[in-house]
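Asks: This is start36.cif (mmCIF, N, CA and C atoms).
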data_run
loop_
_atom_site.label_atom_id
_atom_site.label_comp_id
_atom_site.auth_asym_id
_atom_site.auth_seq_id
_atom_site.Cartn_x
_atom_site.Cartn_y
_atom_site.Cartn_z
N MET A 182 -215.96 -64.45 18.05
CA MET A 182 -215.80 -65.33 16.91
C MET A 182 -214.33 -65.70 16.72
N LYS A 183 -213.43 -64.77 16.89
CA LYS A 183 -212.01 -65.00 16.72
C LYS A 183 -211.50 -66.03 17.74
N ARG A 184 -212.03 -65.93 18.97
CA ARG A 184 -211.63 -66.82 20.04
C ARG A 184 -212.08 -68.27 19.73
N ALA A 185 -213.27 -68.45 19.21
CA ALA A 185 -213.80 -69.77 18.87
C ALA A 185 -212.98 -70.39 17.74
N GLN A 186 -212.62 -69.59 16.75
CA GLN A 186 -211.81 -70.07 15.65
C GLN A 186 -210.44 -70.52 16.14
N SER A 187 -209.84 -69.78 17.04
CA SER A 187 -208.54 -70.15 17.61
C SER A 187 -208.64 -71.46 18.38
N ALA A 188 -209.71 -71.65 19.11
CA ALA A 188 -209.90 -72.88 19.88
C ALA A 188 -210.04 -74.08 18.94
N ILE A 189 -210.79 -73.92 17.86
CA ILE A 189 -210.97 -75.00 16.88
C ILE A 189 -209.63 -75.32 16.20
N GLU A 190 -208.90 -74.30 15.81
CA GLU A 190 -207.59 -74.53 15.18
C GLU A 190 -206.64 -75.25 16.14
N PHE A 191 -206.68 -74.87 17.41
CA PHE A 191 -205.84 -75.50 18.43
C PHE A 191 -206.22 -76.98 18.57
N MET A 192 -207.49 -77.30 18.59
CA MET A 192 -207.95 -78.69 18.71
C MET A 192 -207.53 -79.51 17.48
N ILE A 193 -207.63 -78.92 16.31
CA ILE A 193 -207.20 -79.61 15.09
C ILE A 193 -205.70 -79.88 15.15
N LEU A 194 -204.93 -78.89 15.58
CA LEU A 194 -203.48 -79.05 15.71
C LEU A 194 -203.15 -80.17 16.70
N ILE A 195 -203.80 -80.21 17.83
CA ILE A 195 -203.59 -81.26 18.83
C ILE A 195 -203.95 -82.62 18.24
N GLY A 196 -205.04 -82.71 17.52
CA GLY A 196 -205.47 -83.97 16.89
C GLY A 196 -204.44 -84.48 15.90
N VAL A 197 -203.92 -83.58 15.06
CA VAL A 197 -202.91 -83.96 14.07
C VAL A 197 -201.64 -84.44 14.77
N LEU A 198 -201.21 -83.72 15.81
CA LEU A 198 -200.02 -84.12 16.56
C LEU A 198 -200.20 -85.48 17.23
N LEU A 199 -201.36 -85.73 17.81
CA LEU A 199 -201.63 -87.04 18.42
C LEU A 199 -201.61 -88.15 17.38
N LEU A 200 -202.18 -87.88 16.21
CA LEU A 200 -202.18 -88.86 15.13
C LEU A 200 -200.75 -89.18 14.68
N LEU A 201 -199.94 -88.16 14.50
CA LEU A 201 -198.54 -88.37 14.11
C LEU A 201 -197.77 -89.13 15.18
N MET A 202 -197.98 -88.78 16.43
CA MET A 202 -197.28 -89.44 17.53
C MET A 202 -197.69 -90.92 17.62
N THR A 203 -198.96 -91.21 17.44
CA THR A 203 -199.44 -92.59 17.47
C THR A 203 -198.80 -93.40 16.34
N GLY A 204 -198.75 -92.84 15.16
CA GLY A 204 -198.11 -93.52 14.03
C GLY A 204 -196.64 -93.78 14.27
N PHE A 205 -195.95 -92.81 14.83
CA PHE A 205 -194.53 -92.97 15.12
C PHE A 205 -194.31 -94.06 16.16
N LEU A 206 -195.10 -94.06 17.22
CA LEU A 206 -194.96 -95.08 18.27
C LEU A 206 -195.28 -96.48 17.73
N ALA A 207 -196.26 -96.59 16.87
CA ALA A 207 -196.58 -97.88 16.26
C ALA A 207 -195.42 -98.37 15.42
N PHE A 208 -194.82 -97.48 14.65
CA PHE A 208 -193.68 -97.84 13.81
C PHE A 208 -192.50 -98.30 14.67
N VAL A 209 -192.17 -97.58 15.72
CA VAL A 209 -191.04 -97.93 16.59
C VAL A 209 -191.32 -99.25 17.30
N GLY A 210 -192.54 -99.44 17.80
CA GLY A 210 -192.90 -100.69 18.48
C GLY A 210 -192.77 -101.89 17.56
N ASN A 211 -193.21 -101.75 16.33
CA ASN A 211 -193.10 -102.83 15.35
C ASN A 211 -191.64 -103.14 15.04
N ASN A 212 -190.83 -102.11 14.93
CA ASN A 212 -189.41 -102.27 14.64
C ASN A 212 -188.70 -103.01 15.78
N ILE A 213 -189.01 -102.66 17.01
CA ILE A 213 -188.40 -103.32 18.17
C ILE A 213 -188.82 -104.79 18.21
N SER A 214 -190.08 -105.06 17.96
CA SER A 214 -190.58 -106.44 17.95
C SER A 214 -189.87 -107.27 16.89
N GLN A 215 -189.68 -106.70 15.72
CA GLN A 215 -189.01 -107.40 14.63
C GLN A 215 -187.56 -107.71 14.99
N LYS A 216 -186.87 -106.78 15.64
CA LYS A 216 -185.48 -107.00 16.07
C LYS A 216 -185.39 -108.13 17.08
N GLN A 217 -186.35 -108.21 18.02
CA GLN A 217 -186.34 -109.28 19.01
C GLN A 217 -186.55 -110.63 18.34
N ILE A 218 -187.42 -110.71 17.35
CA ILE A 218 -187.64 -111.96 16.63
C ILE A 218 -186.37 -112.38 15.91
N GLU A 219 -185.69 -111.43 15.27
CA GLU A 219 -184.44 -111.72 14.57
C GLU A 219 -183.37 -112.21 15.53
N GLN A 220 -183.26 -111.57 16.70
CA GLN A 220 -182.27 -111.99 17.70
C GLN A 220 -182.59 -113.39 18.22
N ARG A 221 -183.85 -113.65 18.50
CA ARG A 221 -184.25 -114.97 19.01
C ARG A 221 -183.96 -116.05 17.97
N THR A 222 -184.26 -115.77 16.70
CA THR A 222 -184.00 -116.73 15.63
C THR A 222 -182.50 -116.99 15.48
N ALA A 223 -181.70 -115.94 15.59
CA ALA A 223 -180.24 -116.09 15.49
C ALA A 223 -179.70 -116.94 16.64
N LEU A 224 -180.21 -116.73 17.85
CA LEU A 224 -179.76 -117.54 18.99
C LEU A 224 -180.21 -119.00 18.84
N MET A 225 -181.41 -119.20 18.33
CA MET A 225 -181.88 -120.57 18.10
C MET A 225 -181.01 -121.26 17.04
N ARG A 226 -180.66 -120.53 16.02
CA ARG A 226 -179.78 -121.08 14.96
C ARG A 226 -178.42 -121.44 15.55
N SER A 227 -177.90 -120.59 16.42
CA SER A 227 -176.60 -120.84 17.06
C SER A 227 -176.65 -122.10 17.92
N ILE A 228 -177.73 -122.27 18.67
CA ILE A 228 -177.88 -123.47 19.50
C ILE A 228 -177.97 -124.71 18.61
N ALA A 229 -178.77 -124.63 17.54
CA ALA A 229 -178.91 -125.76 16.62
C ALA A 229 -177.57 -126.10 15.97
N ASP A 230 -176.81 -125.09 15.56
CA ASP A 230 -175.49 -125.33 14.96
C ASP A 230 -174.55 -126.00 15.96
N ASN A 231 -174.60 -125.55 17.21
CA ASN A 231 -173.76 -126.13 18.25
C ASN A 231 -174.10 -127.61 18.46
N ILE A 232 -175.39 -127.93 18.53
CA ILE A 232 -175.82 -129.32 18.70
C ILE A 232 -175.42 -130.15 17.49
N GLU A 233 -175.68 -129.62 16.32
CA GLU A 233 -175.36 -130.32 15.07
C GLU A 233 -173.87 -130.62 14.98
N GLN A 234 -173.03 -129.65 15.32
CA GLN A 234 -171.58 -129.84 15.29
C GLN A 234 -171.15 -130.91 16.29
N GLU A 235 -171.75 -130.89 17.48
CA GLU A 235 -171.40 -131.88 18.50
C GLU A 235 -171.81 -133.29 18.07
N ILE A 236 -172.97 -133.43 17.46
CA ILE A 236 -173.43 -134.74 16.98
C ILE A 236 -172.53 -135.23 15.84
N ARG A 237 -172.16 -134.34 14.93
CA ARG A 237 -171.26 -134.70 13.84
C ARG A 237 -169.91 -135.17 14.39
N LEU A 238 -169.39 -134.45 15.39
CA LEU A 238 -168.13 -134.83 16.02
C LEU A 238 -168.25 -136.20 16.67
N ALA A 239 -169.34 -136.45 17.37
CA ALA A 239 -169.54 -137.74 18.02
C ALA A 239 -169.65 -138.86 16.98
N ASN A 240 -170.33 -138.60 15.87
CA ASN A 240 -170.46 -139.61 14.82
C ASN A 240 -169.12 -139.98 14.21
N SER A 241 -168.22 -139.02 14.10
CA SER A 241 -166.91 -139.30 13.50
C SER A 241 -165.90 -139.84 14.51
N ALA A 242 -166.21 -139.76 15.79
CA ALA A 242 -165.30 -140.25 16.83
C ALA A 242 -165.44 -141.76 16.98
N SER A 243 -164.50 -142.34 17.70
CA SER A 243 -164.56 -143.78 17.95
C SER A 243 -165.49 -144.07 19.12
N ASN A 244 -165.85 -145.35 19.26
CA ASN A 244 -166.70 -145.77 20.37
C ASN A 244 -166.05 -145.39 21.69
N GLY A 245 -166.85 -145.02 22.66
CA GLY A 245 -166.33 -144.59 23.95
C GLY A 245 -166.27 -143.07 24.08
N TYR A 246 -166.55 -142.38 23.01
CA TYR A 246 -166.54 -140.91 23.02
C TYR A 246 -167.60 -140.42 24.00
N SER A 247 -167.26 -139.41 24.78
CA SER A 247 -168.21 -138.81 25.72
C SER A 247 -167.82 -137.35 25.90
N ARG A 248 -168.83 -136.49 25.91
CA ARG A 248 -168.55 -135.07 26.08
C ARG A 248 -169.77 -134.37 26.68
N ASN A 249 -169.49 -133.40 27.54
CA ASN A 249 -170.56 -132.57 28.10
C ASN A 249 -170.88 -131.45 27.13
N LEU A 250 -172.16 -131.21 26.95
CA LEU A 250 -172.63 -130.14 26.08
C LEU A 250 -173.52 -129.24 26.91
N GLU A 251 -173.09 -128.02 27.12
CA GLU A 251 -173.84 -127.06 27.92
C GLU A 251 -174.62 -126.14 26.98
N LEU A 252 -175.94 -126.11 27.15
CA LEU A 252 -176.80 -125.25 26.34
C LEU A 252 -177.40 -124.18 27.24
N PRO A 253 -177.69 -123.00 26.68
CA PRO A 253 -178.26 -121.93 27.51
C PRO A 253 -179.60 -122.35 28.12
N SER A 254 -179.89 -121.85 29.31
CA SER A 254 -181.13 -122.22 29.98
C SER A 254 -182.34 -121.49 29.39
N THR A 255 -182.12 -120.34 28.78
CA THR A 255 -183.21 -119.59 28.13
C THR A 255 -182.69 -118.95 26.84
N ILE A 256 -183.62 -118.54 26.02
CA ILE A 256 -183.29 -117.79 24.80
C ILE A 256 -183.91 -116.41 24.97
N LEU A 257 -183.07 -115.42 25.24
CA LEU A 257 -183.53 -114.05 25.50
C LEU A 257 -184.63 -114.02 26.55
N GLY A 258 -184.43 -114.79 27.62
CA GLY A 258 -185.38 -114.81 28.72
C GLY A 258 -186.57 -115.72 28.51
N LYS A 259 -186.67 -116.36 27.37
CA LYS A 259 -187.79 -117.27 27.07
C LYS A 259 -187.33 -118.72 27.27
N GLU A 260 -188.13 -119.49 28.00
CA GLU A 260 -187.83 -120.91 28.15
C GLU A 260 -188.07 -121.61 26.81
N TYR A 261 -187.31 -122.68 26.57
CA TYR A 261 -187.44 -123.38 25.30
C TYR A 261 -187.29 -124.88 25.50
N ALA A 262 -187.67 -125.62 24.47
CA ALA A 262 -187.57 -127.08 24.48
C ALA A 262 -186.84 -127.53 23.23
N ILE A 263 -186.19 -128.68 23.35
CA ILE A 263 -185.47 -129.28 22.23
C ILE A 263 -186.03 -130.68 22.02
N ASP A 264 -186.45 -130.97 20.81
CA ASP A 264 -187.00 -132.29 20.48
C ASP A 264 -186.22 -132.87 19.31
N ILE A 265 -186.02 -134.18 19.35
CA ILE A 265 -185.44 -134.90 18.21
C ILE A 265 -186.50 -135.89 17.76
N ILE A 266 -187.06 -135.62 16.58
CA ILE A 266 -188.15 -136.45 16.06
C ILE A 266 -187.82 -136.84 14.62
N ASP A 267 -187.70 -138.13 14.38
CA ASP A 267 -187.46 -138.63 13.02
C ASP A 267 -186.33 -137.89 12.31
N SER A 268 -185.16 -137.88 12.90
CA SER A 268 -183.98 -137.24 12.32
C SER A 268 -184.16 -135.74 12.10
N LEU A 269 -184.98 -135.12 12.90
CA LEU A 269 -185.20 -133.68 12.82
C LEU A 269 -185.04 -133.08 14.20
N LEU A 270 -184.14 -132.12 14.32
CA LEU A 270 -183.92 -131.40 15.57
C LEU A 270 -184.81 -130.17 15.56
N GLN A 271 -185.68 -130.08 16.57
CA GLN A 271 -186.59 -128.93 16.65
C GLN A 271 -186.33 -128.19 17.95
N ILE A 272 -186.13 -126.88 17.82
CA ILE A 272 -185.98 -126.00 18.97
C ILE A 272 -187.16 -125.04 18.93
N ARG A 273 -187.89 -124.95 20.06
CA ARG A 273 -189.07 -124.08 20.09
C ARG A 273 -189.18 -123.41 21.45
N THR A 274 -189.63 -122.18 21.44
CA THR A 274 -189.88 -121.50 22.71
C THR A 274 -191.21 -122.02 23.26
N LEU A 275 -191.31 -122.06 24.59
CA LEU A 275 -192.51 -122.61 25.21
C LEU A 275 -193.72 -121.71 25.04
N ASP A 276 -193.51 -120.44 24.69
CA ASP A 276 -194.66 -119.57 24.40
C ASP A 276 -195.16 -119.76 22.97
N ALA A 277 -194.55 -120.68 22.23
CA ALA A 277 -194.95 -121.05 20.86
C ALA A 277 -194.85 -119.90 19.86
N LYS A 278 -193.99 -118.93 20.14
CA LYS A 278 -193.83 -117.80 19.22
C LYS A 278 -192.66 -118.00 18.26
N SER A 279 -191.73 -118.89 18.59
CA SER A 279 -190.57 -119.11 17.73
C SER A 279 -190.23 -120.59 17.69
N SER A 280 -189.82 -121.05 16.52
CA SER A 280 -189.35 -122.43 16.40
C SER A 280 -188.38 -122.52 15.23
N LEU A 281 -187.56 -123.56 15.30
CA LEU A 281 -186.56 -123.80 14.25
C LEU A 281 -186.36 -125.30 14.14
N ALA A 282 -186.31 -125.82 12.94
CA ALA A 282 -186.10 -127.24 12.74
C ALA A 282 -184.96 -127.43 11.74
N VAL A 283 -184.05 -128.37 12.06
CA VAL A 283 -182.94 -128.70 11.17
C VAL A 283 -182.78 -130.22 11.14
N PRO A 284 -182.36 -130.76 10.00
CA PRO A 284 -182.13 -132.21 9.95
C PRO A 284 -180.91 -132.59 10.77
N ILE A 285 -180.99 -133.74 11.40
CA ILE A 285 -179.89 -134.26 12.21
C ILE A 285 -179.91 -135.78 12.06
N SER A 286 -178.75 -136.40 12.11
CA SER A 286 -178.74 -137.83 11.86
C SER A 286 -178.05 -138.62 12.97
N ASN A 287 -178.46 -139.87 13.09
CA ASN A 287 -177.82 -140.87 13.93
C ASN A 287 -177.66 -140.43 15.38
N VAL A 288 -178.74 -140.00 16.01
CA VAL A 288 -178.69 -139.66 17.42
C VAL A 288 -179.96 -140.17 18.09
N THR A 289 -179.79 -140.72 19.27
CA THR A 289 -180.91 -141.24 20.05
C THR A 289 -180.90 -140.56 21.40
N GLY A 290 -182.08 -140.20 21.89
CA GLY A 290 -182.18 -139.59 23.21
C GLY A 290 -182.83 -138.23 23.14
N THR A 291 -182.66 -137.49 24.22
CA THR A 291 -183.25 -136.16 24.31
C THR A 291 -182.21 -135.16 24.78
N LEU A 292 -182.37 -133.94 24.34
CA LEU A 292 -181.52 -132.85 24.78
C LEU A 292 -182.38 -131.85 25.55
N THR A 293 -181.77 -131.19 26.51
CA THR A 293 -182.50 -130.22 27.32
C THR A 293 -181.66 -128.96 27.48
N PRO A 294 -182.29 -127.84 27.77
CA PRO A 294 -181.50 -126.66 28.12
C PRO A 294 -180.67 -126.98 29.37
N GLY A 295 -179.45 -126.49 29.41
CA GLY A 295 -178.56 -126.79 30.52
C GLY A 295 -177.56 -127.85 30.15
N ALA A 296 -177.22 -128.71 31.11
CA ALA A 296 -176.17 -129.72 30.92
C ALA A 296 -176.70 -130.94 30.17
N ASN A 297 -175.91 -131.42 29.21
CA ASN A 297 -176.23 -132.61 28.43
C ASN A 297 -174.95 -133.43 28.28
N ILE A 298 -175.10 -134.73 28.08
CA ILE A 298 -173.95 -135.61 27.84
C ILE A 298 -174.18 -136.32 26.51
N ILE A 299 -173.21 -136.18 25.62
CA ILE A 299 -173.24 -136.84 24.32
C ILE A 299 -172.24 -137.99 24.39
N ARG A 300 -172.70 -139.21 24.04
CA ARG A 300 -171.81 -140.38 24.07
C ARG A 300 -171.97 -141.19 22.79
N LYS A 301 -170.92 -141.95 22.49
CA LYS A 301 -170.99 -142.87 21.37
C LYS A 301 -170.68 -144.27 21.88
N VAL A 302 -171.65 -145.16 21.70
CA VAL A 302 -171.51 -146.55 22.14
C VAL A 302 -172.01 -147.43 21.01
N ASN A 303 -171.20 -148.42 20.64
CA ASN A 303 -171.55 -149.36 19.56
C ASN A 303 -171.99 -148.64 18.28
N ASN A 304 -171.22 -147.64 17.90
CA ASN A 304 -171.45 -146.85 16.69
C ASN A 304 -172.78 -146.11 16.67
N GLN A 305 -173.35 -145.87 17.83
CA GLN A 305 -174.58 -145.11 17.95
C GLN A 305 -174.33 -143.94 18.91
N VAL A 306 -174.80 -142.75 18.51
CA VAL A 306 -174.63 -141.56 19.35
C VAL A 306 -175.88 -141.43 20.24
N TYR A 307 -175.63 -141.22 21.52
CA TYR A 307 -176.70 -141.08 22.51
C TYR A 307 -176.61 -139.70 23.17
N ALA A 308 -177.76 -139.11 23.38
CA ALA A 308 -177.84 -137.84 24.08
C ALA A 308 -178.57 -138.08 25.41
N ASN A 309 -177.87 -137.86 26.52
CA ASN A 309 -178.43 -138.00 27.86
C ASN A 309 -179.03 -139.38 28.13
N GLN A 310 -178.36 -140.42 27.67
CA GLN A 310 -178.82 -141.79 27.97
C GLN A 310 -177.69 -142.60 28.53
#
Take the structure I supplied and represent it as structure tokens, if you would.
Replies:
Amino acid sequence: MKRAQSAIEFMILIGVLLLLMTGFLAFVGNNISQKQIEQRTALMRSIADNIEQEIRLANSASNGYSRNLELPSTILGKEYAIDIIDSLLQIRTLDAKSSLAVPISNVTGTLTPGANIIRKVNNQVYANQ
């Protein structure tokens, strides 16, 4: 009888330890995932700020302005796209897990990860055109 009781107590102890370990791993996994989302959002914000600053600079420059704008090819290893739709700059990862939109004015064209050319011709700013 003593041996059976010890075996049951041992199984209960193992069960409790497995439950605690599972909870801890779930907590750590969620924390890591949240940090990656925050990092990705911060990098997207940085890219958007860089584009916005370059467009503002081009708008204030005289006609004939031209400058190369180099954007990262990925965001934390994720491919992304940049769209300019109705005065709105949208940056989104191709896995559709992250996106960011900011207002932008007076720019025509498209931007892509990698090399881009920003120009001002006839008081209009062009991206890669």
Asks: Just want the 8 Å neighbourhood of Ser286 in chain A, counted on only N, CA and C atoms, with same-chain residues fewer than 5 positions away dropped. Output as a list in words.
Replies: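 With the cut-off at 8 Å, the set is Glu233, Ile236, Arg237, Asn240, Asp267, Ser268, Leu269, Leu270 and Val306 of chain A.
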Asks: Selected by the PyMOL selection byres ((chain A and resi 261-263) around 5) in the shown coordinates: which residues, as number ranges by chain?
Replies: A: 259-260, 264-265, 271-275
Asks: So which residues get picked by the PyMOL selection byres ((chain A and resi 229) around 8) here, written as a list in words?
Replies: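 Listing what the PyMOL selection byres ((chain A and resi 229) around 8) selects in the shown file: Ala223, Leu224, Met225, Arg226, Ser227, Ile228, Asp230, Asn231, Ile232, Glu233, Gln234, Glu235, Leu270, Gln271, Ile272, Leu281, Ala282 and Val283 of chain A.
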Asks: Interatomic distance between CA of Ile195 in chain A and CA of Asn211 in chain A?
Replies: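 Distance reported for this atom pair: 24.2 Å.
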Asks: Record the distance separating CA of Glu190 in chain A and CA of Val209 in chain A, expressed in Å with one decimal.
Replies: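 Answer for the CA of Glu190 in chain A to CA of Val209 in chain A separation: 28.7 Å.
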Asks: Once the PyMOL selection byres ((chain A and resi 293) around 8) is applied to the coordinates I shared, what remains selected? I want it as a list in words.
Replies: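 With the PyMOL selection byres ((chain A and resi 293) around 8) on this model, the match is Glu251, Leu252, Pro253, Ser254, Tyr261, Ala262, Ile263, Asp264, Gly290, Thr291, Leu292, Pro294, Gly295, Ala296, Asn297, Ile298, Ala308 and Asn309 of chain A.
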Asks: Hey, could you patch up range 236-258 of chain A with N, CA, C and O atoms and hand it over as a PDB file, in the frame of the given file?
Replies:
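Generated output (result_7.pdb):
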ATOM      1  N   ILE A 236    -172.970-133.430  17.460  1.00  0.00           N
ATOM      2  CA  ILE A 236    -173.430-134.740  16.980  1.00  0.00           C
ATOM      3  C   ILE A 236    -172.530-135.230  15.840  1.00  0.00           C
ATOM      4  O   ILE A 236    -172.151-136.405  15.798  1.00  0.00           O
ATOM      5  N   ARG A 237    -172.160-134.340  14.930  1.00  0.00           N
ATOM      6  CA  ARG A 237    -171.260-134.700  13.840  1.00  0.00           C
ATOM      7  C   ARG A 237    -169.910-135.170  14.390  1.00  0.00           C
ATOM      8  O   ARG A 237    -169.342-136.168  13.924  1.00  0.00           O
ATOM      9  N   LEU A 238    -169.390-134.450  15.390  1.00  0.00           N
ATOM     10  CA  LEU A 238    -168.130-134.830  16.020  1.00  0.00           C
ATOM     11  C   LEU A 238    -168.250-136.200  16.670  1.00  0.00           C
ATOM     12  O   LEU A 238    -167.357-137.044  16.529  1.00  0.00           O
ATOM     13  N   ALA A 239    -169.340-136.450  17.370  1.00  0.00           N
ATOM     14  CA  ALA A 239    -169.540-137.740  18.020  1.00  0.00           C
ATOM     15  C   ALA A 239    -169.650-138.860  16.980  1.00  0.00           C
ATOM     16  O   ALA A 239    -169.113-139.957  17.183  1.00  0.00           O
ATOM     17  N   ASN A 240    -170.330-138.600  15.870  1.00  0.00           N
ATOM     18  CA  ASN A 240    -170.460-139.610  14.820  1.00  0.00           C
ATOM     19  C   ASN A 240    -169.120-139.980  14.210  1.00  0.00           C
ATOM     20  O   ASN A 240    -168.879-141.133  13.853  1.00  0.00           O
ATOM     21  N   SER A 241    -168.220-139.020  14.100  1.00  0.00           N
ATOM     22  CA  SER A 241    -166.910-139.300  13.500  1.00  0.00           C
ATOM     23  C   SER A 241    -165.900-139.840  14.510  1.00  0.00           C
ATOM     24  O   SER A 241    -164.864-140.358  14.115  1.00  0.00           O
ATOM     25  N   ALA A 242    -166.210-139.760  15.790  1.00  0.00           N
ATOM     26  CA  ALA A 242    -165.300-140.250  16.830  1.00  0.00           C
ATOM     27  C   ALA A 242    -165.440-141.760  16.980  1.00  0.00           C
ATOM     28  O   ALA A 242    -166.382-142.377  16.481  1.00  0.00           O
ATOM     29  N   SER A 243    -164.500-142.340  17.700  1.00  0.00           N
ATOM     30  CA  SER A 243    -164.560-143.780  17.950  1.00  0.00           C
ATOM     31  C   SER A 243    -165.490-144.070  19.120  1.00  0.00           C
ATOM     32  O   SER A 243    -165.878-143.181  19.878  1.00  0.00           O
ATOM     33  N   ASN A 244    -165.850-145.350  19.260  1.00  0.00           N
ATOM     34  CA  ASN A 244    -166.700-145.770  20.370  1.00  0.00           C
ATOM     35  C   ASN A 244    -166.050-145.390  21.690  1.00  0.00           C
ATOM     36  O   ASN A 244    -164.831-145.423  21.823  1.00  0.00           O
ATOM     37  N   GLY A 245    -166.850-145.020  22.660  1.00  0.00           N
ATOM     38  CA  GLY A 245    -166.330-144.590  23.950  1.00  0.00           C
ATOM     39  C   GLY A 245    -166.270-143.070  24.080  1.00  0.00           C
ATOM     40  O   GLY A 245    -165.976-142.550  25.158  1.00  0.00           O
ATOM     41  N   TYR A 246    -166.550-142.380  23.010  1.00  0.00           N
ATOM     42  CA  TYR A 246    -166.540-140.910  23.020  1.00  0.00           C
ATOM     43  C   TYR A 246    -167.600-140.420  24.000  1.00  0.00           C
ATOM     44  O   TYR A 246    -168.724-140.914  24.052  1.00  0.00           O
ATOM     45  N   SER A 247    -167.260-139.410  24.780  1.00  0.00           N
ATOM     46  CA  SER A 247    -168.210-138.810  25.720  1.00  0.00           C
ATOM     47  C   SER A 247    -167.820-137.350  25.900  1.00  0.00           C
ATOM     48  O   SER A 247    -166.648-137.024  26.041  1.00  0.00           O
ATOM     49  N   ARG A 248    -168.830-136.490  25.910  1.00  0.00           N
ATOM     50  CA  ARG A 248    -168.550-135.070  26.080  1.00  0.00           C
ATOM     51  C   ARG A 248    -169.770-134.370  26.680  1.00  0.00           C
ATOM     52  O   ARG A 248    -170.911-134.695  26.360  1.00  0.00           O
ATOM     53  N   ASN A 249    -169.490-133.400  27.540  1.00  0.00           N
ATOM     54  CA  ASN A 249    -170.560-132.570  28.100  1.00  0.00           C
ATOM     55  C   ASN A 249    -170.880-131.450  27.130  1.00  0.00           C
ATOM     56  O   ASN A 249    -169.987-130.821  26.586  1.00  0.00           O
ATOM     57  N   LEU A 250    -172.160-131.210  26.950  1.00  0.00           N
ATOM     58  CA  LEU A 250    -172.630-130.140  26.080  1.00  0.00           C
ATOM     59  C   LEU A 250    -173.520-129.240  26.910  1.00  0.00           C
ATOM     60  O   LEU A 250    -174.582-129.657  27.372  1.00  0.00           O
ATOM     61  N   GLU A 251    -173.090-128.020  27.120  1.00  0.00           N
ATOM     62  CA  GLU A 251    -173.840-127.060  27.920  1.00  0.00           C
ATOM     63  C   GLU A 251    -174.620-126.140  26.980  1.00  0.00           C
ATOM     64  O   GLU A 251    -174.038-125.472  26.134  1.00  0.00           O
ATOM     65  N   LEU A 252    -175.940-126.110  27.150  1.00  0.00           N
ATOM     66  CA  LEU A 252    -176.800-125.250  26.340  1.00  0.00           C
ATOM     67  C   LEU A 252    -177.400-124.180  27.240  1.00  0.00           C
ATOM     68  O   LEU A 252    -177.616-124.415  28.427  1.00  0.00           O
ATOM     69  N   PRO A 253    -177.690-123.000  26.680  1.00  0.00           N
ATOM     70  CA  PRO A 253    -178.260-121.930  27.510  1.00  0.00           C
ATOM     71  C   PRO A 253    -179.600-122.350  28.120  1.00  0.00           C
ATOM     72  O   PRO A 253    -180.352-123.112  27.508  1.00  0.00           O
ATOM     73  N   SER A 254    -179.890-121.850  29.310  1.00  0.00           N
ATOM     74  CA  SER A 254    -181.130-122.220  29.980  1.00  0.00           C
ATOM     75  C   SER A 254    -182.340-121.490  29.390  1.00  0.00           C
ATOM     76  O   SER A 254    -183.463-121.975  29.483  1.00  0.00           O
ATOM     77  N   THR A 255    -182.120-120.340  28.780  1.00  0.00           N
ATOM     78  CA  THR A 255    -183.210-119.590  28.130  1.00  0.00           C
ATOM     79  C   THR A 255    -182.690-118.950  26.840  1.00  0.00           C
ATOM     80  O   THR A 255    -181.481-118.831  26.646  1.00  0.00           O
ATOM     81  N   ILE A 256    -183.620-118.540  26.020  1.00  0.00           N
ATOM     82  CA  ILE A 256    -183.290-117.790  24.800  1.00  0.00           C
ATOM     83  C   ILE A 256    -183.910-116.410  24.970  1.00  0.00           C
ATOM     84  O   ILE A 256    -185.126-116.265  24.900  1.00  0.00           O
ATOM     85  N   LEU A 257    -183.070-115.420  25.240  1.00  0.00           N
ATOM     86  CA  LEU A 257    -183.530-114.050  25.500  1.00  0.00           C
ATOM     87  C   LEU A 257    -184.630-114.020  26.550  1.00  0.00           C
ATOM     88  O   LEU A 257    -185.651-113.355  26.392  1.00  0.00           O
ATOM     89  N   GLY A 258    -184.430-114.790  27.620  1.00  0.00           N
ATOM     90  CA  GLY A 258    -185.380-114.810  28.720  1.00  0.00           C
ATOM     91  C   GLY A 258    -186.570-115.720  28.510  1.00  0.00           C
ATOM     92  O   GLY A 258    -187.426-115.838  29.384  1.00  0.00           O
TER      93      GLY A 258
END
